[in-house]
$ cat structure24.pdb   # PDB, C-alpha atoms
MODEL        1
ATOM      1  CA  MET A 491      -5.429  23.970 -18.248
ATOM      2  CA  ARG A 492      -7.142  21.510 -15.924
ATOM      3  CA  ARG A 493      -7.945  19.243 -18.871
ATOM      4  CA  VAL A 494      -4.277  19.239 -19.931
ATOM      5  CA  VAL A 495      -3.122  18.395 -16.398
ATOM      6  CA  LEU A 496      -5.790  15.696 -16.103
ATOM      7  CA  PHE A 497      -4.759  14.248 -19.457
ATOM      8  CA  PHE A 498      -1.093  13.977 -18.473
ATOM      9  CA  LEU A 499      -2.075  12.526 -15.079
ATOM     10  CA  VAL A 500      -4.105   9.771 -16.741
ATOM     11  CA  VAL A 501      -1.282   9.039 -19.202
ATOM     12  CA  SER A 502       1.208   8.834 -16.343
ATOM     13  CA  LEU A 503      -0.989   6.438 -14.380
ATOM     14  CA  LEU A 504      -1.450   4.232 -17.426
ATOM     15  CA  SER A 505       2.291   4.190 -18.035
ATOM     16  CA  VAL A 506       2.960   3.189 -14.444
ATOM     17  CA  SER A 507       0.289   0.464 -14.657
ATOM     18  CA  ILE A 508       1.738  -0.947 -17.880
ATOM     19  CA  ALA A 509       5.273  -0.879 -16.482
ATOM     20  CA  PHE A 510       4.114  -2.611 -13.305
ATOM     21  CA  ALA A 511       2.281  -5.292 -15.292
ATOM     22  CA  GLN A 512       5.284  -5.897 -17.524
ATOM     23  CA  THR A 513       7.610  -6.119 -14.546
ATOM     24  CA  PHE A 514       5.535  -8.100 -12.069
ATOM     25  CA  GLY A 515       2.878  -9.668 -14.268
ATOM     26  CA  THR A 516      -0.863  -9.290 -14.001
ATOM     27  CA  LYS A 517      -3.055 -11.135 -11.549
ATOM     28  CA  LYS A 518      -5.396 -13.591 -13.219
ATOM     29  CA  ARG A 519      -9.009 -13.765 -12.178
ATOM     30  CA  THR A 520      -9.729 -16.757  -9.982
ATOM     31  CA  PRO A 521     -12.147 -18.988 -11.897
ATOM     32  CA  LYS A 522     -15.604 -19.430 -10.428
ATOM     33  CA  PRO A 523     -16.388 -22.936  -9.108
ATOM     34  CA  HIS A 524     -18.311 -23.921 -12.247
ATOM     35  CA  GLU A 525     -15.424 -22.694 -14.426
ATOM     36  CA  TYR A 526     -12.612 -24.527 -12.638
ATOM     37  CA  GLY A 527     -11.032 -27.105 -14.932
ATOM     38  CA  ASN A 528     -12.670 -25.739 -18.086
ATOM     39  CA  VAL A 529     -10.483 -26.166 -21.171
ATOM     40  CA  VAL A 530     -10.676 -23.877 -24.202
ATOM     41  CA  ILE A 531      -9.986 -25.738 -27.464
ATOM     42  CA  ASN A 532      -9.192 -23.511 -30.417
ATOM     43  CA  ASN A 533      -7.136 -25.425 -32.996
ATOM     44  CA  PHE A 534      -9.469 -24.999 -35.955
ATOM     45  CA  SER A 535     -12.417 -22.929 -34.734
ATOM     46  CA  ALA A 536     -11.163 -19.520 -35.856
ATOM     47  CA  GLN A 537     -10.524 -20.585 -39.453
ATOM     48  CA  GLU A 538     -14.061 -21.977 -39.590
ATOM     49  CA  ARG A 539     -15.409 -18.723 -38.135
ATOM     50  CA  LEU A 540     -16.616 -20.473 -35.024
ATOM     51  CA  SER A 541     -16.120 -19.602 -31.370
ATOM     52  CA  PRO A 542     -13.594 -21.788 -29.521
ATOM     53  CA  VAL A 543     -14.883 -24.887 -27.750
ATOM     54  CA  VAL A 544     -15.259 -24.705 -23.969
ATOM     55  CA  PHE A 545     -14.924 -28.191 -22.480
ATOM     56  CA  SER A 546     -16.448 -28.568 -19.025
ATOM     57  CA  HIS A 547     -14.370 -31.009 -16.980
ATOM     58  CA  TRP A 548     -16.651 -31.053 -13.940
ATOM     59  CA  LEU A 549     -19.645 -32.274 -15.955
ATOM     60  CA  HIS A 550     -17.730 -35.092 -17.634
ATOM     61  CA  ARG A 551     -15.827 -36.145 -14.507
ATOM     62  CA  SER A 552     -19.141 -36.519 -12.680
ATOM     63  CA  GLN A 553     -20.064 -39.352 -15.062
ATOM     64  CA  TYR A 554     -16.880 -40.887 -16.490
ATOM     65  CA  THR A 555     -13.407 -41.807 -15.311
ATOM     66  CA  CYS A 556     -10.440 -39.770 -16.502
ATOM     67  CA  ARG A 557      -8.937 -43.008 -17.842
ATOM     68  CA  LEU A 558     -11.828 -43.583 -20.250
ATOM     69  CA  CYS A 559     -11.231 -40.301 -22.081
ATOM     70  CA  HIS A 560      -7.471 -39.939 -21.786
ATOM     71  CA  VAL A 561      -6.554 -43.581 -22.451
ATOM     72  CA  ASP A 562      -9.359 -45.350 -24.340
ATOM     73  CA  LEU A 563     -10.464 -42.337 -26.385
ATOM     74  CA  GLY A 564      -6.951 -40.927 -26.764
ATOM     75  CA  PHE A 565      -7.364 -37.369 -25.514
ATOM     76  CA  ALA A 566      -4.016 -35.700 -24.784
ATOM     77  CA  MET A 567      -3.369 -34.401 -21.273
ATOM     78  CA  ALA A 568      -2.709 -30.846 -22.485
ATOM     79  CA  ALA A 569      -5.293 -28.576 -24.101
ATOM     80  CA  GLY A 570      -5.049 -28.367 -27.875
ATOM     81  CA  GLU A 571      -2.635 -31.265 -28.366
ATOM     82  CA  THR A 572      -5.283 -33.726 -29.582
ATOM     83  CA  ARG A 573      -6.191 -31.426 -32.484
ATOM     84  CA  ILE A 574      -9.775 -32.659 -32.757
ATOM     85  CA  ASN A 575     -11.770 -31.630 -35.802
ATOM     86  CA  GLU A 576     -15.399 -32.011 -36.840
ATOM     87  CA  GLU A 577     -14.653 -34.909 -39.190
ATOM     88  CA  ASP A 578     -13.105 -36.880 -36.319
ATOM     89  CA  ASN A 579     -16.203 -36.363 -34.212
ATOM     90  CA  ARG A 580     -18.572 -37.356 -37.014
ATOM     91  CA  ASN A 581     -16.503 -40.536 -37.489
ATOM     92  CA  GLY A 582     -17.035 -41.515 -33.860
ATOM     93  CA  LEU A 583     -13.611 -40.512 -32.587
ATOM     94  CA  TYR A 584     -12.813 -38.419 -29.507
ATOM     95  CA  CYS A 585     -15.949 -36.410 -28.570
ATOM     96  CA  GLY A 586     -17.889 -38.328 -31.230
ATOM     97  CA  ALA A 587     -17.541 -41.573 -29.274
ATOM     98  CA  CYS A 588     -20.345 -40.273 -27.033
ATOM     99  CA  HIS A 589     -21.771 -37.276 -28.871
ATOM    100  CA  ASP A 590     -23.600 -39.308 -31.486
ATOM    101  CA  GLY A 591     -27.182 -38.411 -30.633
ATOM    102  CA  LYS A 592     -27.596 -41.620 -28.625
ATOM    103  CA  VAL A 593     -25.297 -41.395 -25.624
ATOM    104  CA  ALA A 594     -25.098 -37.587 -25.720
ATOM    105  CA  PHE A 595     -26.216 -34.794 -28.050
ATOM    106  CA  SER A 596     -24.725 -34.864 -31.543
ATOM    107  CA  VAL A 597     -23.243 -32.257 -33.861
ATOM    108  CA  ASP A 598     -26.646 -31.881 -35.530
ATOM    109  CA  LYS A 599     -30.101 -31.442 -34.104
ATOM    110  CA  TYR A 600     -33.540 -31.278 -35.681
ATOM    111  CA  ASP A 601     -36.354 -28.776 -35.254
ATOM    112  CA  ARG A 602     -40.035 -29.636 -34.871
ATOM    113  CA  LYS A 603     -40.410 -29.875 -38.637
ATOM    114  CA  GLY A 604     -37.619 -32.431 -38.843
ATOM    115  CA  GLN A 605     -35.220 -30.003 -40.467
ATOM    116  CA  LYS A 606     -31.524 -30.332 -39.603
ATOM    117  CA  VAL A 607     -30.199 -27.284 -37.774
ATOM    118  CA  SER A 608     -26.823 -26.455 -36.266
ATOM    119  CA  ASN A 609     -25.987 -27.608 -32.766
ATOM    120  CA  CYS A 610     -22.547 -26.008 -32.784
ATOM    121  CA  ASP A 611     -23.117 -23.447 -30.022
ATOM    122  CA  ARG A 612     -23.434 -26.121 -27.357
ATOM    123  CA  CYS A 613     -19.686 -26.746 -27.631
ATOM    124  CA  HIS A 614     -18.389 -23.667 -29.463
ATOM    125  CA  SER A 615     -19.518 -21.462 -26.601
ATOM    126  CA  GLU A 616     -16.551 -19.212 -25.772
ATOM    127  CA  GLY A 617     -17.858 -15.660 -25.233
ATOM    128  CA  LYS A 618     -21.489 -16.773 -25.449
ATOM    129  CA  LYS A 619     -24.129 -17.175 -22.778
ATOM    130  CA  ILE A 620     -24.774 -20.872 -23.266
ATOM    131  CA  GLU A 621     -26.197 -22.652 -20.232
ATOM    132  CA  LEU A 622     -25.536 -26.354 -19.681
ATOM    133  CA  GLU A 623     -28.567 -28.578 -19.291
ATOM    134  CA  THR A 624     -27.107 -29.618 -15.925
ATOM    135  CA  ASN A 625     -26.536 -26.691 -13.579
ATOM    136  CA  PHE A 626     -23.317 -27.053 -11.578
ATOM    137  CA  TYR A 627     -24.647 -25.540  -8.341
ATOM    138  CA  GLN A 628     -27.812 -27.622  -8.354
ATOM    139  CA  PHE A 629     -25.906 -30.794  -9.237
ATOM    140  CA  VAL A 630     -23.355 -30.494  -6.412
ATOM    141  CA  LYS A 631     -25.842 -29.384  -3.765
ATOM    142  CA  GLY A 632     -25.181 -31.547  -0.722
ATOM    143  CA  PHE A 633     -21.786 -32.751  -1.994
ATOM    144  CA  PRO A 634     -18.812 -32.747   0.441
ATOM    145  CA  LYS A 635     -16.967 -29.451   0.247
ATOM    146  CA  ALA A 636     -13.333 -28.532  -0.403
ATOM    147  CA  ARG A 637     -11.480 -25.259   0.098
ATOM    148  CA  PHE A 638     -10.134 -24.612  -3.392
ATOM    149  CA  GLY A 639     -10.790 -25.395  -7.044
ATOM    150  CA  ASN A 640     -14.485 -25.874  -7.655
ATOM    151  CA  LYS A 641     -15.009 -26.294  -3.908
ATOM    152  CA  ILE A 642     -16.058 -29.956  -4.191
ATOM    153  CA  ASP A 643     -14.294 -32.981  -2.695
ATOM    154  CA  TRP A 644     -14.817 -35.365  -5.622
ATOM    155  CA  LEU A 645     -13.039 -38.250  -3.885
ATOM    156  CA  LYS A 646     -15.492 -38.190  -0.976
ATOM    157  CA  ALA A 647     -18.400 -37.690  -3.384
ATOM    158  CA  GLU A 648     -17.396 -40.879  -5.208
ATOM    159  CA  GLU A 649     -16.864 -42.779  -1.959
ATOM    160  CA  ALA A 650     -20.329 -41.727  -0.755
ATOM    161  CA  GLY A 651     -21.943 -42.925  -3.974
ATOM    162  CA  LEU A 652     -23.082 -39.450  -4.952
ATOM    163  CA  ILE A 653     -21.502 -40.019  -8.361
ATOM    164  CA  LYS A 654     -21.056 -43.318 -10.184
ATOM    165  CA  LEU A 655     -18.202 -43.353 -12.680
ATOM    166  CA  GLN A 656     -18.459 -45.187 -15.982
ATOM    167  CA  ASP A 657     -15.125 -46.653 -17.090
ATOM    168  CA  GLU A 658     -15.950 -48.104 -20.497
ATOM    169  CA  LEU A 659     -18.087 -47.563 -23.592
ATOM    170  CA  GLU A 660     -19.914 -50.184 -25.561
ATOM    171  CA  GLY A 661     -18.509 -51.171 -28.948
ATOM    172  CA  GLY A 662     -14.965 -50.910 -30.227
ATOM    173  CA  PHE A 663     -13.219 -51.059 -26.872
ATOM    174  CA  ILE A 664     -11.508 -53.983 -25.173
ATOM    175  CA  LYS A 665     -12.525 -54.387 -21.567
ATOM    176  CA  ALA A 666      -9.480 -54.081 -19.347
ATOM    177  CA  GLU A 667      -8.740 -57.016 -17.086
ATOM    178  CA  ASP A 668      -9.079 -56.536 -13.354
ATOM    179  CA  PHE A 669      -5.776 -55.984 -11.613
ATOM    180  CA  LYS A 670      -4.486 -55.897  -8.073
ATOM    181  CA  VAL A 671      -4.150 -52.336  -6.909
ATOM    182  CA  PRO A 672      -0.662 -51.707  -5.455
ATOM    183  CA  ASP A 673      -0.328 -50.712  -1.825
ATOM    184  CA  ASP A 674      -0.106 -47.087  -0.823
ATOM    185  CA  ILE A 675       3.403 -45.693  -0.860
ATOM    186  CA  GLU A 676       5.210 -43.130   1.257
ATOM    187  CA  LEU A 677       6.991 -40.276  -0.499
ATOM    188  CA  ASN A 678       9.558 -38.483   1.610
ATOM    189  CA  THR A 679       9.846 -34.704   1.499
ATOM    190  CA  THR A 680      13.004 -32.643   1.795
ATOM    191  CA  ASP A 681      11.258 -30.032   3.956
ATOM    192  CA  ALA A 682      11.613 -30.998   7.611
ATOM    193  CA  GLU A 683       8.528 -28.954   8.531
ATOM    194  CA  MET A 684       6.289 -30.635   5.949
ATOM    195  CA  PRO A 685       4.771 -34.103   6.620
ATOM    196  CA  ASP A 686       5.616 -36.876   4.179
ATOM    197  CA  ILE A 687       3.148 -37.804   1.449
ATOM    198  CA  LEU A 688       1.025 -40.931   1.684
ATOM    199  CA  PHE A 689       0.122 -41.684  -1.928
ATOM    200  CA  SER A 690      -3.043 -43.727  -2.403
ATOM    201  CA  HIS A 691      -2.870 -46.007  -5.435
ATOM    202  CA  GLU A 692      -6.446 -47.088  -4.772
ATOM    203  CA  LYS A 693      -7.952 -43.596  -4.973
ATOM    204  CA  HIS A 694      -6.019 -42.745  -8.123
ATOM    205  CA  ALA A 695      -6.794 -46.105  -9.757
ATOM    206  CA  ILE A 696     -10.540 -45.487  -9.413
ATOM    207  CA  TRP A 697     -10.270 -42.409 -11.606
ATOM    208  CA  ASN A 698      -7.125 -42.967 -13.678
ATOM    209  CA  GLY A 699      -6.398 -46.678 -13.859
ATOM    210  CA  CYS A 700      -2.671 -47.313 -14.271
ATOM    211  CA  GLU A 701      -2.072 -46.322 -17.881
ATOM    212  CA  LEU A 702      -2.816 -42.630 -17.428
ATOM    213  CA  CYS A 703       0.120 -42.115 -15.063
ATOM    214  CA  HIS A 704       2.520 -44.927 -16.000
ATOM    215  CA  PRO A 705       4.960 -44.750 -17.679
ATOM    216  CA  GLN A 706       4.382 -41.407 -19.435
ATOM    217  CA  ILE A 707       4.143 -39.251 -16.295
ATOM    218  CA  PHE A 708       5.771 -41.484 -13.679
ATOM    219  CA  HIS A 709       8.287 -44.315 -14.029
ATOM    220  CA  ILE A 710       7.087 -47.717 -12.875
ATOM    221  CA  LYS A 711       9.765 -48.373 -10.276
ATOM    222  CA  LYS A 712       9.193 -46.899  -6.844
ATOM    223  CA  SER A 713      11.257 -43.791  -6.056
ATOM    224  CA  SER A 714      12.755 -43.732  -9.554
ATOM    225  CA  THR A 715      11.118 -40.363 -10.247
ATOM    226  CA  VAL A 716      12.423 -37.348  -8.331
ATOM    227  CA  PHE A 717      10.517 -34.079  -8.474
ATOM    228  CA  ASP A 718       9.821 -30.989  -6.406
ATOM    229  CA  MET A 719       6.915 -28.629  -5.784
ATOM    230  CA  GLN A 720       8.073 -26.129  -8.393
ATOM    231  CA  GLU A 721       7.807 -28.799 -11.080
ATOM    232  CA  ILE A 722       4.312 -29.637  -9.871
ATOM    233  CA  PHE A 723       3.360 -25.946 -10.015
ATOM    234  CA  ASP A 724       4.744 -25.943 -13.573
ATOM    235  CA  GLY A 725       2.304 -28.692 -14.564
ATOM    236  CA  LYS A 726       4.652 -31.664 -14.416
ATOM    237  CA  TYR A 727       4.180 -34.970 -12.551
ATOM    238  CA  CYS A 728       1.287 -34.517 -10.074
ATOM    239  CA  GLY A 729       0.716 -31.107 -11.660
ATOM    240  CA  ALA A 730      -0.483 -32.777 -14.858
ATOM    241  CA  CYS A 731      -3.853 -33.005 -13.077
ATOM    242  CA  HIS A 732      -3.615 -31.172  -9.764
ATOM    243  CA  GLY A 733      -4.145 -27.455 -10.155
ATOM    244  CA  LYS A 734      -5.805 -27.957 -13.544
ATOM    245  CA  VAL A 735      -8.693 -30.342 -12.914
ATOM    246  CA  ALA A 736      -8.023 -32.229  -9.676
ATOM    247  CA  PHE A 737      -7.714 -30.346  -6.380
ATOM    248  CA  THR A 738      -5.071 -27.650  -6.348
ATOM    249  CA  SER A 739      -1.602 -27.912  -4.793
ATOM    250  CA  MET A 740      -2.683 -25.231  -2.312
ATOM    251  CA  ASP A 741      -4.534 -27.999  -0.440
ATOM    252  CA  CYS A 742      -1.278 -29.257   1.074
ATOM    253  CA  HIS A 743      -2.842 -31.452   3.755
ATOM    254  CA  LEU A 744      -4.634 -33.628   1.210
ATOM    255  CA  CYS A 745      -1.272 -35.078   0.057
ATOM    256  CA  HIS A 746       1.066 -34.425   2.997
ATOM    257  CA  THR A 747      -0.892 -36.620   5.390
ATOM    258  CA  LYS A 748       1.633 -38.655   7.383
ATOM    259  CA  GLU A 749       1.460 -37.893  11.058
ATOM    260  CA  VAL A 750       4.465 -36.124  12.521
ATOM    261  CA  TYR A 751       5.542 -37.284  15.979
TER     262      TYR A 751
ENDMDL
END
$ encode --input "structure24.pdb" --output "C-alpha cells"
Amino acid sequence: MRRVVLFFLVVSLLSVSIAFAQTFGTKKRTPKPHEYGNVVINNFSAQERLSPVVFSHWLHRSQYTCRLCHVDLGFAMAAGETRINEEDNRNGLYCGACHDGKVAFSVDKYDRKGQKVSNCDRCHSEGKKIELETNFYQFVKGFPKARFGNKIDWLKAEEAGLIKLQDELEGGFIKAEDFKVPDDIELNTTDAEMPDILFSHEKHAIWNGCELCHPQIFHIKKSSTVFDMQEIFDGKYCGACHGKVAFTSMDCHLCHTKEVY
C-alpha cells in the first residue's frame, strides 16, 4: 500500500513540476566564467556523426578584434548563420584563415611517426572533456574584474595593455585606412530615474571598427535609431553583443554613466 501511495505521490509531483515549467518556463543554468560567450555550432556536425563545435569567444577576443572576424572574415553575428563546413576551412575561409597549422592548429595533425591523424575533437568538443591549451583562470589572473558575464572587464584589460588585439591578417586582406573616431554621444533615456547613456565611439571602435555596427545594426545618422531595453534583452541593437559576448545588460552603470544633478 505504501508503495502505491508513494508511486502516486511521485507522479503528482512530476505533473506539478511539468505544469509549472510549461507555464513559467525553466531557469537556465548560469554559465561559468570560462563558458560565458561560448557558441555551439551544429549546422553539419550531426550528419557527419561529429559532436557540435564549441567556439570559445573569450580565447579569441583576447587576441583579435571582433571586427577582424565579423567583417574581414565574414562571420555572421548569430550562431549558425555562417554555415561553415570543413571544405570552407580547408580552403582558408572562416576558421581556416587562421587554423592552417601556421597561425593556429589545423584540421589535421601528425603523430610522432608522421602519420596524419584527426584533430577534430579540438573544435567538435560538445559533451567531451577537451581542455584548451590556454586555461581561462590562469590567463585572466590579475585582470580587472567585473560583476557579471565571465567576470572580466575586457575594456580595462585592453587599456592596461594586458591584452594586445590584432586587427588584420597577412595575405588576402586590404588594410583599412585610418579614420577619425567620432566624438562620444549622449543617448537620452525615457526613465527619469535612470541616468542617460554616454556612448563611447572610441572604446567600441577599438574592438569593432565602424563596419560591424553601421549600417546593419545602427543607422549612421545620430538619433535616427530608436530602441528600448526590451529590444536589447531580445538581442537587437546593443544586445547583438551585450549579454552574449560583451558585458551583460545587468551592468547598468557601465552604459548609464551621465551624472545626475
$ atom_distance --input "structure24.pdb" --atom1 "atom CA of A:Thr555" --atom2 "atom CA of A:His743"
24.1 Å
$ residues_around --input "structure24.pdb" --residues "A:Gly564" --least-positions-apart "5" --cutoff "10 Å" --atoms "all atoms listed in the file" --output "VMD selection string"
chain A and resid 557 to 559 572 583 to 584
$ residues_around --input "structure24.pdb" --residues "stretch 676-681 of chain A" --least-positions-apart "6" --cutoff "9 Å" --atoms "all atoms listed in the file" --output "list in words"
Ile687, Leu688, Phe689, Ser713, Asp718, His746 and Lys748 of chain A
$ atom_distance --input "structure24.pdb" --atom1 "atom CA of A:Ala682" --atom2 "atom CA of A:Lys641"
29.4 Å
$ closest_residue --input "structure24.pdb" --among "A:Gly591, A:Leu549, A:Arg573, A:Asn640" --to "A:Thr520" --atoms "all atoms listed in the file"
A:Asn640
$ build_atoms --input "structure24.pdb" --residues "stretch 711-727 of chain A" --atoms "N, CA and C atoms" --output "mmCIF file, in the coordinates of the input"
data_model
loop_
_atom_site.group_PDB
_atom_site.id
_atom_site.type_symbol
_atom_site.label_atom_id
_atom_site.label_comp_id
_atom_site.auth_asym_id
_atom_site.auth_seq_id
_atom_site.Cartn_x
_atom_site.Cartn_y
_atom_site.Cartn_z
ATOM 1 N N LYS A 711 9.055 -48.002 -11.496
ATOM 2 C CA LYS A 711 9.765 -48.373 -10.276
ATOM 3 C C LYS A 711 9.588 -47.311 -9.197
ATOM 4 N N LYS A 712 9.370 -47.792 -7.984
ATOM 5 C CA LYS A 712 9.193 -46.899 -6.844
ATOM 6 C C LYS A 712 10.439 -46.049 -6.627
ATOM 7 N N SER A 713 10.200 -44.767 -6.375
ATOM 8 C CA SER A 713 11.257 -43.791 -6.056
ATOM 9 C C SER A 713 12.208 -43.525 -7.213
ATOM 10 N N SER A 714 11.871 -43.984 -8.422
ATOM 11 C CA SER A 714 12.755 -43.732 -9.554
ATOM 12 C C SER A 714 12.507 -42.361 -10.175
ATOM 13 N N THR A 715 11.429 -41.704 -9.758
ATOM 14 C CA THR A 715 11.118 -40.363 -10.247
ATOM 15 C C THR A 715 11.317 -39.370 -9.114
ATOM 16 N N VAL A 716 12.156 -38.376 -9.340
ATOM 17 C CA VAL A 716 12.423 -37.348 -8.331
ATOM 18 C C VAL A 716 11.885 -36.016 -8.850
ATOM 19 N N PHE A 717 11.087 -35.354 -8.042
ATOM 20 C CA PHE A 717 10.517 -34.079 -8.474
ATOM 21 C C PHE A 717 10.304 -33.195 -7.257
ATOM 22 N N ASP A 718 10.058 -31.920 -7.502
ATOM 23 C CA ASP A 718 9.821 -30.989 -6.406
ATOM 24 C C ASP A 718 8.540 -30.198 -6.667
ATOM 25 N N MET A 719 8.173 -29.361 -5.696
ATOM 26 C CA MET A 719 6.915 -28.629 -5.784
ATOM 27 C C MET A 719 6.896 -27.655 -6.952
ATOM 28 N N GLN A 720 8.045 -27.074 -7.280
ATOM 29 C CA GLN A 720 8.073 -26.129 -8.393
ATOM 30 C C GLN A 720 7.692 -26.822 -9.695
ATOM 31 N N GLU A 721 8.156 -28.048 -9.872
ATOM 32 C CA GLU A 721 7.807 -28.799 -11.080
ATOM 33 C C GLU A 721 6.314 -29.129 -11.109
ATOM 34 N N ILE A 722 5.750 -29.391 -9.947
ATOM 35 C CA ILE A 722 4.312 -29.637 -9.871
ATOM 36 C C ILE A 722 3.541 -28.372 -10.231
ATOM 37 N N PHE A 723 4.000 -27.231 -9.674
ATOM 38 C CA PHE A 723 3.360 -25.946 -10.015
ATOM 39 C C PHE A 723 3.473 -25.654 -11.510
ATOM 40 N N ASP A 724 4.525 -26.159 -12.139
ATOM 41 C CA ASP A 724 4.744 -25.943 -13.573
ATOM 42 C C ASP A 724 3.956 -26.921 -14.442
ATOM 43 N N GLY A 725 3.149 -27.779 -13.807
ATOM 44 C CA GLY A 725 2.304 -28.692 -14.564
ATOM 45 C C GLY A 725 2.914 -30.040 -14.862
ATOM 46 N N LYS A 726 4.014 -30.365 -14.197
ATOM 47 C CA LYS A 726 4.652 -31.664 -14.416
ATOM 48 C C LYS A 726 4.266 -32.631 -13.293
ATOM 49 N N TYR A 727 4.444 -33.929 -13.540
ATOM 50 C CA TYR A 727 4.180 -34.970 -12.551
ATOM 51 C C TYR A 727 2.765 -34.821 -11.970
#
